[in-house]
file upload25.txt (compact mmCIF, C-alpha atoms)
# COMPACT_ATOMS: atom_id res chain seq x y z
CA MET A 1 77.60 -148.59 37.02
CA ASN A 2 78.53 -144.88 36.71
CA GLY A 3 81.53 -145.33 38.98
CA ARG A 4 81.72 -145.84 42.71
CA TYR A 5 80.14 -142.51 43.62
CA GLY A 6 77.48 -142.26 40.90
CA LYS A 7 73.75 -142.79 41.30
CA VAL A 8 74.24 -146.54 40.82
CA PHE A 9 77.30 -148.32 42.17
CA LYS A 10 78.64 -151.68 43.31
CA THR A 11 79.76 -152.38 46.85
CA HIS A 12 79.68 -155.01 49.63
CA LEU A 13 76.91 -154.75 52.26
CA PHE A 14 75.66 -157.34 54.75
CA CYS A 15 78.54 -159.63 53.67
CA THR A 16 77.07 -159.73 50.15
CA PRO A 17 78.01 -158.14 46.82
CA THR A 18 75.46 -155.37 46.37
CA VAL A 19 74.22 -152.88 43.80
CA VAL A 20 73.06 -149.64 45.43
CA SER A 21 70.63 -147.58 43.34
CA CYS A 22 69.95 -143.88 43.91
CA ASP A 23 68.44 -143.66 40.43
CA GLN A 24 64.71 -143.08 39.99
CA GLU A 25 64.34 -145.16 36.81
CA LEU A 26 66.24 -148.16 38.19
CA ASN A 27 64.32 -148.00 41.49
CA GLN A 28 61.01 -148.04 39.60
CA PHE A 29 62.29 -150.91 37.43
CA ILE A 30 63.21 -152.95 40.53
CA LEU A 31 59.84 -152.42 42.23
CA GLN A 32 57.85 -153.06 39.05
CA ASN A 33 59.59 -156.40 38.55
CA GLU A 34 58.99 -157.78 42.04
CA ASP A 35 58.97 -161.63 41.94
CA LYS A 36 59.88 -161.51 38.24
CA LEU A 37 63.47 -160.30 38.20
CA PHE A 38 63.91 -159.33 41.86
CA GLN A 39 62.86 -160.80 45.17
CA CYS A 40 62.60 -159.61 48.76
CA SER A 41 65.85 -160.48 50.54
CA TYR A 42 66.31 -159.20 54.10
CA PRO A 43 69.34 -160.23 56.21
CA LYS A 44 68.90 -163.60 57.95
CA PRO A 45 68.95 -162.18 61.52
CA ILE A 46 65.73 -160.32 60.64
CA HIS A 47 64.11 -163.70 59.93
CA GLY A 48 64.97 -164.84 63.44
CA ILE A 49 63.01 -161.98 64.98
CA LEU A 50 60.10 -161.73 62.55
CA GLY A 51 59.59 -165.49 62.18
CA LYS A 52 59.63 -167.69 59.11
CA SER A 53 55.97 -166.96 58.24
CA SER A 54 56.27 -163.16 58.23
CA MET A 55 55.09 -161.45 55.05
CA ILE A 56 58.24 -159.33 55.21
CA VAL A 57 60.57 -162.32 54.73
CA VAL A 58 58.56 -164.91 52.77
CA VAL A 59 58.90 -164.91 48.98
CA GLY A 60 57.20 -166.22 45.85
CA ASP A 61 53.64 -167.56 45.94
CA THR A 62 53.47 -167.39 49.73
CA HIS A 63 54.26 -163.68 49.66
CA LYS A 64 51.65 -163.06 46.94
CA ARG A 65 49.03 -164.97 48.93
CA LEU A 66 49.72 -162.99 52.11
CA ARG A 67 49.87 -159.69 50.24
CA ASN A 68 46.49 -160.32 48.61
CA LEU A 69 45.11 -161.26 52.01
CA ALA A 70 46.44 -158.00 53.46
CA LEU A 71 44.65 -155.99 50.77
CA THR A 72 41.41 -157.89 51.39
CA LEU A 73 41.56 -157.39 55.15
CA VAL A 74 42.44 -153.70 54.87
CA THR A 75 39.54 -153.17 52.46
CA THR A 76 37.21 -155.04 54.81
CA THR A 77 38.31 -153.02 57.83
CA LYS A 78 38.10 -149.65 56.07
CA SER A 79 34.60 -150.43 54.80
CA LYS A 80 33.26 -150.72 58.37
CA PRO A 81 31.07 -147.73 59.31
CA SER A 82 32.87 -147.43 62.66
CA TYR A 83 36.38 -147.40 61.16
CA LEU A 84 36.86 -143.62 60.92
CA ASN A 85 34.91 -143.03 64.14
CA ASP A 86 37.18 -145.39 66.08
CA ILE A 87 40.29 -143.58 64.85
CA GLU A 88 38.86 -140.16 65.69
CA SER A 89 37.78 -141.33 69.16
CA ILE A 90 41.29 -142.56 69.92
CA ALA A 91 42.77 -139.28 68.64
CA ILE A 92 40.44 -137.26 70.87
CA HIS A 93 41.29 -139.50 73.84
CA ILE A 94 45.03 -138.96 73.30
CA LEU A 95 44.64 -135.20 72.88
CA SER A 96 42.52 -134.89 76.02
CA SER A 97 45.29 -136.57 78.02
CA TRP A 98 47.58 -133.60 77.26
CA LYS A 99 45.53 -131.06 79.24
CA ASP A 100 47.57 -131.20 82.43
CA LYS A 101 50.96 -131.77 80.81
CA SER A 102 53.48 -128.93 80.57
CA ILE A 103 55.55 -130.84 78.01
CA VAL A 104 54.33 -133.34 75.42
CA PHE A 105 56.78 -135.68 73.69
CA PHE A 106 54.89 -135.90 70.44
CA CYS A 107 56.72 -138.88 68.94
CA GLU A 108 55.81 -140.97 71.99
CA GLU A 109 52.20 -139.80 71.81
CA ALA A 110 52.09 -140.59 68.08
CA ARG A 111 53.32 -144.11 68.78
CA LYS A 112 50.69 -144.49 71.49
CA PHE A 113 48.01 -143.33 69.04
CA THR A 114 49.03 -145.60 66.16
CA PHE A 115 49.40 -148.62 68.42
CA SER A 116 45.95 -148.02 69.92
CA VAL A 117 44.41 -147.74 66.46
CA ILE A 118 46.08 -150.92 65.23
CA VAL A 119 45.17 -153.13 68.20
CA LYS A 120 41.60 -151.81 68.03
CA GLN A 121 41.24 -152.57 64.33
CA VAL A 122 43.23 -155.82 64.26
CA LEU A 123 42.48 -157.40 67.63
CA GLY A 124 39.40 -155.47 68.76
CA LEU A 125 41.13 -154.31 71.96
CA SER A 126 40.60 -150.89 73.54
CA PRO A 127 43.62 -148.90 74.82
CA ASP A 128 42.59 -149.46 78.46
CA GLU A 129 42.45 -153.27 78.38
CA PRO A 130 45.23 -155.18 80.25
CA GLN A 131 46.09 -157.22 77.16
CA THR A 132 46.80 -154.01 75.23
CA SER A 133 49.37 -152.89 77.80
CA LYS A 134 50.96 -156.34 77.82
CA ILE A 135 51.28 -156.42 74.02
CA LEU A 136 52.67 -152.86 73.95
CA GLU A 137 55.34 -153.64 76.55
CA ASP A 138 56.53 -156.70 74.62
CA PHE A 139 56.20 -154.90 71.29
CA LEU A 140 58.52 -152.08 72.41
CA THR A 141 61.12 -154.68 73.40
CA PHE A 142 60.58 -156.36 70.05
CA MET A 143 61.11 -153.08 68.14
CA LYS A 144 64.38 -152.30 69.97
CA GLY A 145 65.79 -155.69 69.04
CA LEU A 146 64.72 -155.39 65.42
CA ILE A 147 67.42 -152.79 64.79
CA SER A 148 70.03 -154.18 67.19
CA PHE A 149 73.22 -156.17 66.59
CA PRO A 150 72.05 -159.76 65.81
CA LEU A 151 73.76 -161.57 68.67
CA TYR A 152 71.65 -164.17 70.45
CA ILE A 153 73.13 -164.05 73.95
CA PRO A 154 70.86 -163.75 77.00
CA GLY A 155 70.47 -160.11 77.95
CA THR A 156 71.16 -158.65 74.50
CA SER A 157 68.47 -156.60 72.75
CA TYR A 158 68.29 -159.20 69.97
CA ALA A 159 67.68 -162.09 72.39
CA LYS A 160 65.11 -160.04 74.31
CA ALA A 161 63.32 -159.27 71.02
CA VAL A 162 63.11 -162.94 70.04
CA LYS A 163 61.61 -163.76 73.45
CA ALA A 164 59.26 -160.77 73.25
CA ARG A 165 57.98 -162.01 69.90
CA ALA A 166 57.25 -165.41 71.43
CA ARG A 167 55.27 -163.72 74.23
CA ILE A 168 53.32 -161.57 71.76
CA SER A 169 52.56 -164.69 69.71
CA PHE A 170 51.26 -166.44 72.82
CA THR A 171 49.06 -163.44 73.70
CA VAL A 172 47.70 -163.18 70.15
CA LYS A 173 46.98 -166.92 70.07
CA SER A 174 45.08 -166.58 73.36
CA ILE A 175 43.00 -163.74 71.91
CA MET A 176 42.29 -165.80 68.79
CA GLU A 177 41.22 -168.80 70.87
CA GLU A 178 38.98 -166.61 73.00
CA ARG A 179 37.40 -165.18 69.86
CA ARG A 180 36.77 -168.71 68.55
CA ARG A 181 35.16 -169.76 71.82
CA LYS A 182 33.04 -166.62 71.89
CA HIS A 183 31.64 -167.06 68.42
CA GLY A 184 31.74 -170.85 68.32
CA GLU A 185 32.36 -172.94 65.27
CA ASP A 186 28.89 -172.34 63.83
CA SER A 187 29.36 -171.01 60.30
CA ALA A 188 26.24 -168.85 60.49
CA LYS A 189 27.53 -167.04 63.56
CA GLN A 190 30.94 -166.67 61.95
CA GLN A 191 29.32 -165.07 58.93
CA GLN A 192 27.45 -162.59 61.12
CA LYS A 193 30.65 -161.55 62.87
CA GLY A 194 32.75 -161.64 59.72
CA ASP A 195 33.13 -157.89 59.26
CA HIS A 196 35.93 -157.66 61.84
CA PHE A 197 39.57 -158.04 60.82
CA LEU A 198 40.26 -160.89 63.23
CA ASP A 199 37.04 -162.74 62.37
CA VAL A 200 37.90 -162.66 58.67
CA LEU A 201 41.43 -163.85 59.43
CA LEU A 202 40.20 -166.73 61.61
CA SER A 203 37.71 -167.85 58.96
CA LEU A 204 40.46 -168.44 56.40
CA THR A 205 41.29 -172.07 55.77
CA ASN A 206 44.36 -171.55 53.57
CA LEU A 207 46.52 -170.16 56.39
CA SER A 208 48.16 -172.09 59.21
CA GLU A 209 47.85 -170.92 62.81
CA ASP A 210 51.44 -169.64 62.78
CA GLU A 211 50.80 -167.71 59.56
CA LYS A 212 47.74 -166.06 61.10
CA VAL A 213 49.72 -165.04 64.20
CA SER A 214 52.56 -163.73 62.02
CA PHE A 215 50.05 -161.79 59.95
CA VAL A 216 48.78 -160.02 63.08
CA LEU A 217 52.38 -159.20 64.08
CA ASP A 218 53.10 -157.89 60.59
CA SER A 219 50.04 -155.66 60.86
CA LEU A 220 51.32 -154.23 64.15
CA LEU A 221 54.84 -153.76 62.78
CA GLY A 222 53.74 -152.33 59.44
CA GLY A 223 51.70 -149.49 60.89
CA TYR A 224 53.30 -148.75 64.23
CA GLU A 225 56.69 -147.19 63.50
CA THR A 226 56.05 -145.86 59.98
CA THR A 227 52.75 -144.09 60.73
CA SER A 228 53.87 -142.58 64.03
CA LEU A 229 57.13 -141.38 62.49
CA LEU A 230 55.26 -139.81 59.56
CA MET A 231 52.97 -137.95 61.97
CA SER A 232 55.97 -136.71 63.94
CA MET A 233 57.80 -135.58 60.81
CA ALA A 234 54.70 -133.72 59.59
CA VAL A 235 54.48 -131.84 62.90
CA PHE A 236 58.22 -131.10 62.78
CA PHE A 237 58.09 -129.68 59.25
CA LEU A 238 54.89 -127.72 59.89
CA GLY A 239 56.61 -126.12 62.89
CA GLN A 240 59.19 -124.72 60.46
CA SER A 241 56.62 -123.56 57.89
CA PRO A 242 54.09 -121.10 59.40
CA SER A 243 52.38 -120.53 56.04
CA ALA A 244 51.79 -124.26 55.53
CA LEU A 245 50.50 -124.62 59.09
CA GLN A 246 48.12 -121.69 58.63
CA GLN A 247 46.71 -123.09 55.36
CA LEU A 248 46.30 -126.52 56.96
CA LYS A 249 44.40 -125.03 59.92
CA GLN A 250 42.24 -122.95 57.59
CA GLU A 251 41.31 -126.00 55.53
CA HIS A 252 40.15 -127.81 58.66
CA GLU A 253 38.28 -124.77 59.97
CA ASP A 254 36.44 -124.49 56.63
CA ILE A 255 35.42 -128.15 56.77
CA LYS A 256 34.28 -127.75 60.36
CA ALA A 257 32.16 -124.68 59.45
CA LYS A 258 30.27 -126.63 56.77
CA ARG A 259 29.31 -129.53 59.04
CA ASN A 260 26.02 -129.84 60.90
CA LYS A 261 26.28 -129.06 64.59
CA ASP A 262 24.80 -132.43 65.51
CA GLU A 263 27.53 -134.31 63.62
CA TYR A 264 30.11 -135.49 66.15
CA TYR A 265 32.48 -137.45 63.93
CA LEU A 266 34.13 -136.51 60.65
CA SER A 267 32.70 -138.33 57.64
CA SER A 268 34.52 -139.87 54.69
CA GLU A 269 33.38 -136.88 52.63
CA ASP A 270 35.04 -134.53 55.13
CA TYR A 271 38.33 -136.37 54.69
CA LYS A 272 38.05 -136.19 50.90
CA GLN A 273 37.97 -132.39 51.16
CA MET A 274 41.36 -132.32 52.92
CA GLU A 275 43.36 -131.73 49.74
CA PHE A 276 46.07 -129.56 51.26
CA THR A 277 46.31 -131.99 54.19
CA GLN A 278 47.13 -134.73 51.69
CA ASN A 279 49.79 -132.49 50.14
CA VAL A 280 51.34 -132.03 53.59
CA ILE A 281 51.37 -135.81 54.08
CA ASN A 282 52.99 -136.36 50.67
CA GLU A 283 55.66 -133.75 51.35
CA ALA A 284 56.35 -135.11 54.84
CA LEU A 285 56.85 -138.54 53.26
CA ARG A 286 59.24 -137.07 50.68
CA CYS A 287 61.28 -134.98 53.12
CA GLY A 288 61.07 -137.37 56.07
CA ASN A 289 61.98 -140.50 54.12
CA ILE A 290 60.23 -142.87 56.49
CA VAL A 291 61.36 -145.94 54.52
CA LYS A 292 64.81 -145.08 53.22
CA PHE A 293 65.49 -148.26 51.24
CA VAL A 294 64.39 -151.89 50.83
CA HIS A 295 66.31 -155.15 50.41
CA ARG A 296 65.99 -157.01 47.12
CA LYS A 297 67.93 -159.76 45.33
CA ALA A 298 68.36 -160.37 41.60
CA LEU A 299 66.76 -163.72 40.64
CA LYS A 300 68.65 -163.85 37.34
CA ASP A 301 71.18 -161.77 35.42
CA VAL A 302 69.46 -158.43 34.82
CA THR A 303 70.57 -155.85 32.29
CA PHE A 304 69.45 -152.26 32.81
CA GLN A 305 70.57 -149.44 30.53
CA GLY A 306 73.58 -151.48 29.45
CA HIS A 307 74.68 -152.41 32.96
CA LEU A 308 74.62 -155.96 34.35
CA ILE A 309 73.24 -156.89 37.76
CA PRO A 310 74.45 -160.48 38.34
CA ALA A 311 72.05 -163.15 39.60
CA GLY A 312 72.15 -163.56 43.36
CA TRP A 313 73.43 -160.06 44.04
CA LYS A 314 71.65 -157.94 46.62
CA VAL A 315 70.01 -154.78 45.26
CA LEU A 316 69.22 -151.76 47.44
CA PRO A 317 66.92 -149.15 45.86
CA VAL A 318 67.49 -146.03 47.99
CA PHE A 319 64.27 -143.97 48.01
CA SER A 320 65.64 -141.08 50.08
CA ALA A 321 68.24 -140.28 47.43
CA VAL A 322 65.48 -139.91 44.81
CA HIS A 323 63.23 -137.90 47.13
CA LEU A 324 66.01 -135.38 47.79
CA ASP A 325 67.41 -135.29 44.25
CA SER A 326 67.62 -131.64 43.15
CA SER A 327 67.43 -132.70 39.49
CA LEU A 328 63.95 -134.12 40.14
CA HIS A 329 62.58 -131.65 42.72
CA ASP A 330 63.01 -127.88 42.83
CA ASN A 331 64.57 -126.84 46.14
CA ALA A 332 64.60 -130.52 47.11
CA LEU A 333 65.67 -129.91 50.71
CA GLU A 334 62.81 -127.47 51.34
CA PHE A 335 59.48 -128.55 52.85
CA HIS A 336 57.04 -127.19 50.26
CA PRO A 337 53.61 -128.93 50.21
CA TRP A 338 52.43 -126.73 47.33
CA ARG A 339 54.65 -128.64 44.90
CA TRP A 340 52.07 -131.45 45.02
CA GLU A 341 49.34 -129.15 43.65
CA VAL A 342 51.17 -129.16 40.33
CA ILE A 343 51.76 -132.93 40.41
CA ASN A 344 48.13 -133.69 41.30
call {"tool": "encode", "arguments": {"input": "upload25.txt", "output": "structure tokens"}}
result
Amino acid sequence: MNGRYGKVFKTHLFCTPTVVSCDQELNQFILQNEDKLFQCSYPKPIHGILGKSSMIVVVGDTHKRLRNLALTLVTTTKSKPSYLNDIESIAIHILSSWKDKSIVFFCEEARKFTFSVIVKQVLGLSPDEPQTSKILEDFLTFMKGLISFPLYIPGTSYAKAVKARARISFTVKSIMEERRRKHGEDSAKQQQKGDHFLDVLLSLTNLSEDEKVSFVLDSLLGGYETTSLLMSMAVFFLGQSPSALQQLKQEHEDIKAKRNKDEYYLSSEDYKQMEFTQNVINEALRCGNIVKFVHRKALKDVTFQGHLIPAGWKVLPVFSAVHLDSSLHDNALEFHPWRWEVIN
């Protein structure tokens, strides 16, 4: 495996023999053979917090079913005319709250923004509703325990996270029951209201109640930390690159100048014109390495470029190593959004 300190090496992690890959080709091979040669395999303590029905820990046909459902629900949500308007309204609301603040902790504000967007799109709750505050309080406890030492003793972060998940589940179930009562069991009414994420989820007959609750939690978890961290990293890198910041601002000023004065919200066409903005996002993802690696397990003996990965071994494709590989990217440690103009 190229020796202990090469791009691919063997070691012991999480009490399991492990192959760590910092190689682009092997990482692509692992991801392309999901559920064929490799399978999602997170440490067992993660299961205790996320729950047995979480899309992050389930495998095989159940994972495929939930993943397809996620794609359907995301497509349904994004197709709503109010989708982009809701996001922009929340952004404006957050920005307006900064007026009287001498210091803004952007990462906290980014988390507040992403959480507000998610609960609005998934549960139909506005940021000012009491249930939103309750879910956020429990969710923050849940997030702290997710990365804590897995020791279930009262008072530990892990134990608090498990209890917080139970409270969030109870709150989500209450919201789901309220939505059912509001719309009734009449199929015609359900069809009329079926353009909302939660309505579509409730109408599904191939998911248990626990799976539906877990799916909502997965939606919160999937977008909360990753999106807010990406936003924060983009602001951080732009602060160190005045030329990139200036070009980004100019792109947005140009789009604004072309719009009709009576248009309040940005349209989907406006977003499509943000080409340099997308380059900034791509470069922030590359430099920031929001998701540094994922946990996989070999389902059978796998041979790759003459090397054997034994069945049952854990495999960790490390994305950050590829993103910062100087043999793949010129000046790999430099934030340079313009590199994506060549790639695109």
call {"tool": "residues_around", "arguments": {"input": "upload25.txt", "residues": "region 152-155 of chain A", "least_positions_apart": "4", "cutoff": "12 Å", "atoms": "only C-alpha atoms", "output": "list in words"}}
result
Pro45, Gly48, Ile49, Thr141, Gly145, Ser148, Ala159, Lys160, Ala161, Val162 and Lys163 of chain A
call {"tool": "write_last_selection", "arguments": {"input": "upload25.txt", "atoms": "C-alpha atoms", "output": "compact mmCIF listing (two decimals), keeping the file's coordinate frame"}}
result
# COMPACT_ATOMS: atom_id res chain seq x y z
CA PRO A 45 68.95 -162.18 61.52
CA GLY A 48 64.97 -164.84 63.44
CA ILE A 49 63.01 -161.98 64.98
CA THR A 141 61.12 -154.68 73.40
CA GLY A 145 65.79 -155.69 69.04
CA SER A 148 70.03 -154.18 67.19
CA ALA A 159 67.68 -162.09 72.39
CA LYS A 160 65.11 -160.04 74.31
CA ALA A 161 63.32 -159.27 71.02
CA VAL A 162 63.11 -162.94 70.04
CA LYS A 163 61.61 -163.76 73.45
call {"tool": "residues_around", "arguments": {"input": "upload25.txt", "residues": "region 295-309 of chain A", "least_positions_apart": "2", "cutoff": "8 Å", "atoms": "all atoms listed in the file", "output": "PyMOL selection string"}}
result
chain A and resi 1+19+26+36-42+293+311-317
call {"tool": "residues_around", "arguments": {"input": "upload25.txt", "residues": "region 199-202 of chain A", "least_positions_apart": "2", "cutoff": "12 Å", "atoms": "only C-alpha atoms", "output": "number ranges by chain"}}
result
A: 66, 69-70, 72-77, 121-124, 172-173, 175-185, 187, 189-197, 204-216, 219
call {"tool": "atom_distance", "arguments": {"input": "upload25.txt", "atom1": "CA of Arg67 (chain A)", "atom2": "CA of Gly222 (chain A)"}}
result
12.4 Å
call {"tool": "atom_distance", "arguments": {"input": "upload25.txt", "atom1": "CA of Ser126 (chain A)", "atom2": "CA of Phe170 (chain A)"}}
result
18.9 Å
call {"tool": "closest_residue", "arguments": {"input": "upload25.txt", "among": "A:His336, A:His93, A:Lys52, A:Arg111", "to": "Gln240 (chain A)", "atoms": "all atoms listed in the file"}}
result
A:His336
call {"tool": "closest_residue", "arguments": {"input": "upload25.txt", "among": "A:Asp35, A:Asp23, A:Glu253, A:Glu225", "to": "Ile118 (chain A)", "atoms": "all atoms listed in the file"}}
result
A:Glu225
call {"tool": "closest_residue", "arguments": {"input": "upload25.txt", "among": "A:Thr171, A:Asn331, A:Ser102, A:Ser320", "to": "Ser21 (chain A)", "atoms": "only C-alpha atoms"}}
result
A:Ser320
call {"tool": "residues_around", "arguments": {"input": "upload25.txt", "residues": "Thr132 (chain A)", "least_positions_apart": "2", "cutoff": "12 Å", "atoms": "all atoms listed in the file", "output": "PDB file with C-alpha atoms, in the coordinates of the input"}}
result
ATOM      1  CA  LYS A 112      50.690-144.490  71.490  1.00  0.00           C
ATOM      2  CA  PHE A 115      49.400-148.620  68.420  1.00  0.00           C
ATOM      3  CA  SER A 116      45.950-148.020  69.920  1.00  0.00           C
ATOM      4  CA  VAL A 117      44.410-147.740  66.460  1.00  0.00           C
ATOM      5  CA  ILE A 118      46.080-150.920  65.230  1.00  0.00           C
ATOM      6  CA  VAL A 119      45.170-153.130  68.200  1.00  0.00           C
ATOM      7  CA  LYS A 120      41.600-151.810  68.030  1.00  0.00           C
ATOM      8  CA  VAL A 122      43.230-155.820  64.260  1.00  0.00           C
ATOM      9  CA  LEU A 123      42.480-157.400  67.630  1.00  0.00           C
ATOM     10  CA  GLY A 124      39.400-155.470  68.760  1.00  0.00           C
ATOM     11  CA  LEU A 125      41.130-154.310  71.960  1.00  0.00           C
ATOM     12  CA  SER A 126      40.600-150.890  73.540  1.00  0.00           C
ATOM     13  CA  PRO A 127      43.620-148.900  74.820  1.00  0.00           C
ATOM     14  CA  ASP A 128      42.590-149.460  78.460  1.00  0.00           C
ATOM     15  CA  GLU A 129      42.450-153.270  78.380  1.00  0.00           C
ATOM     16  CA  PRO A 130      45.230-155.180  80.250  1.00  0.00           C
ATOM     17  CA  LYS A 134      50.960-156.340  77.820  1.00  0.00           C
ATOM     18  CA  ILE A 135      51.280-156.420  74.020  1.00  0.00           C
ATOM     19  CA  LEU A 136      52.670-152.860  73.950  1.00  0.00           C
ATOM     20  CA  GLU A 137      55.340-153.640  76.550  1.00  0.00           C
ATOM     21  CA  ASP A 138      56.530-156.700  74.620  1.00  0.00           C
ATOM     22  CA  PHE A 139      56.200-154.900  71.290  1.00  0.00           C
ATOM     23  CA  ILE A 168      53.320-161.570  71.760  1.00  0.00           C
ATOM     24  CA  THR A 171      49.060-163.440  73.700  1.00  0.00           C
ATOM     25  CA  VAL A 172      47.700-163.180  70.150  1.00  0.00           C
ATOM     26  CA  ILE A 175      43.000-163.740  71.910  1.00  0.00           C
ATOM     27  CA  LEU A 220      51.320-154.230  64.150  1.00  0.00           C
TER      28      LEU A 220
END
call {"tool": "closest_residue", "arguments": {"input": "upload25.txt", "among": "A:Cys107, A:Ile56, A:Phe335, A:Lys44", "to": "Thr16 (chain A)", "atoms": "only C-alpha atoms"}}
result
A:Lys44
call {"tool": "atom_distance", "arguments": {"input": "upload25.txt", "atom1": "CA of His323 (chain A)", "atom2": "CA of Cys287 (chain A)"}}
result
6.9 Å
call {"tool": "residues_near_point", "arguments": {"input": "upload25.txt", "point": "(46.4, -128.9, 56.0)", "cutoff": "10 Å", "atoms": "all atoms listed in the file", "output": "PyMOL selection string"}}
result
chain A and resi 238+244-253+274-281+337
call {"tool": "closest_residue", "arguments": {"input": "upload25.txt", "among": "A:Ala284, A:Ala257, A:Val57, A:Ala321", "to": "Glu334 (chain A)", "atoms": "only C-alpha atoms"}}
result
A:Ala284
call {"tool": "closest_residue", "arguments": {"input": "upload25.txt", "among": "A:Leu146, A:Leu324, A:Ala110, A:Ala166", "to": "Leu230 (chain A)", "atoms": "all atoms listed in the file"}}
result
A:Ala110
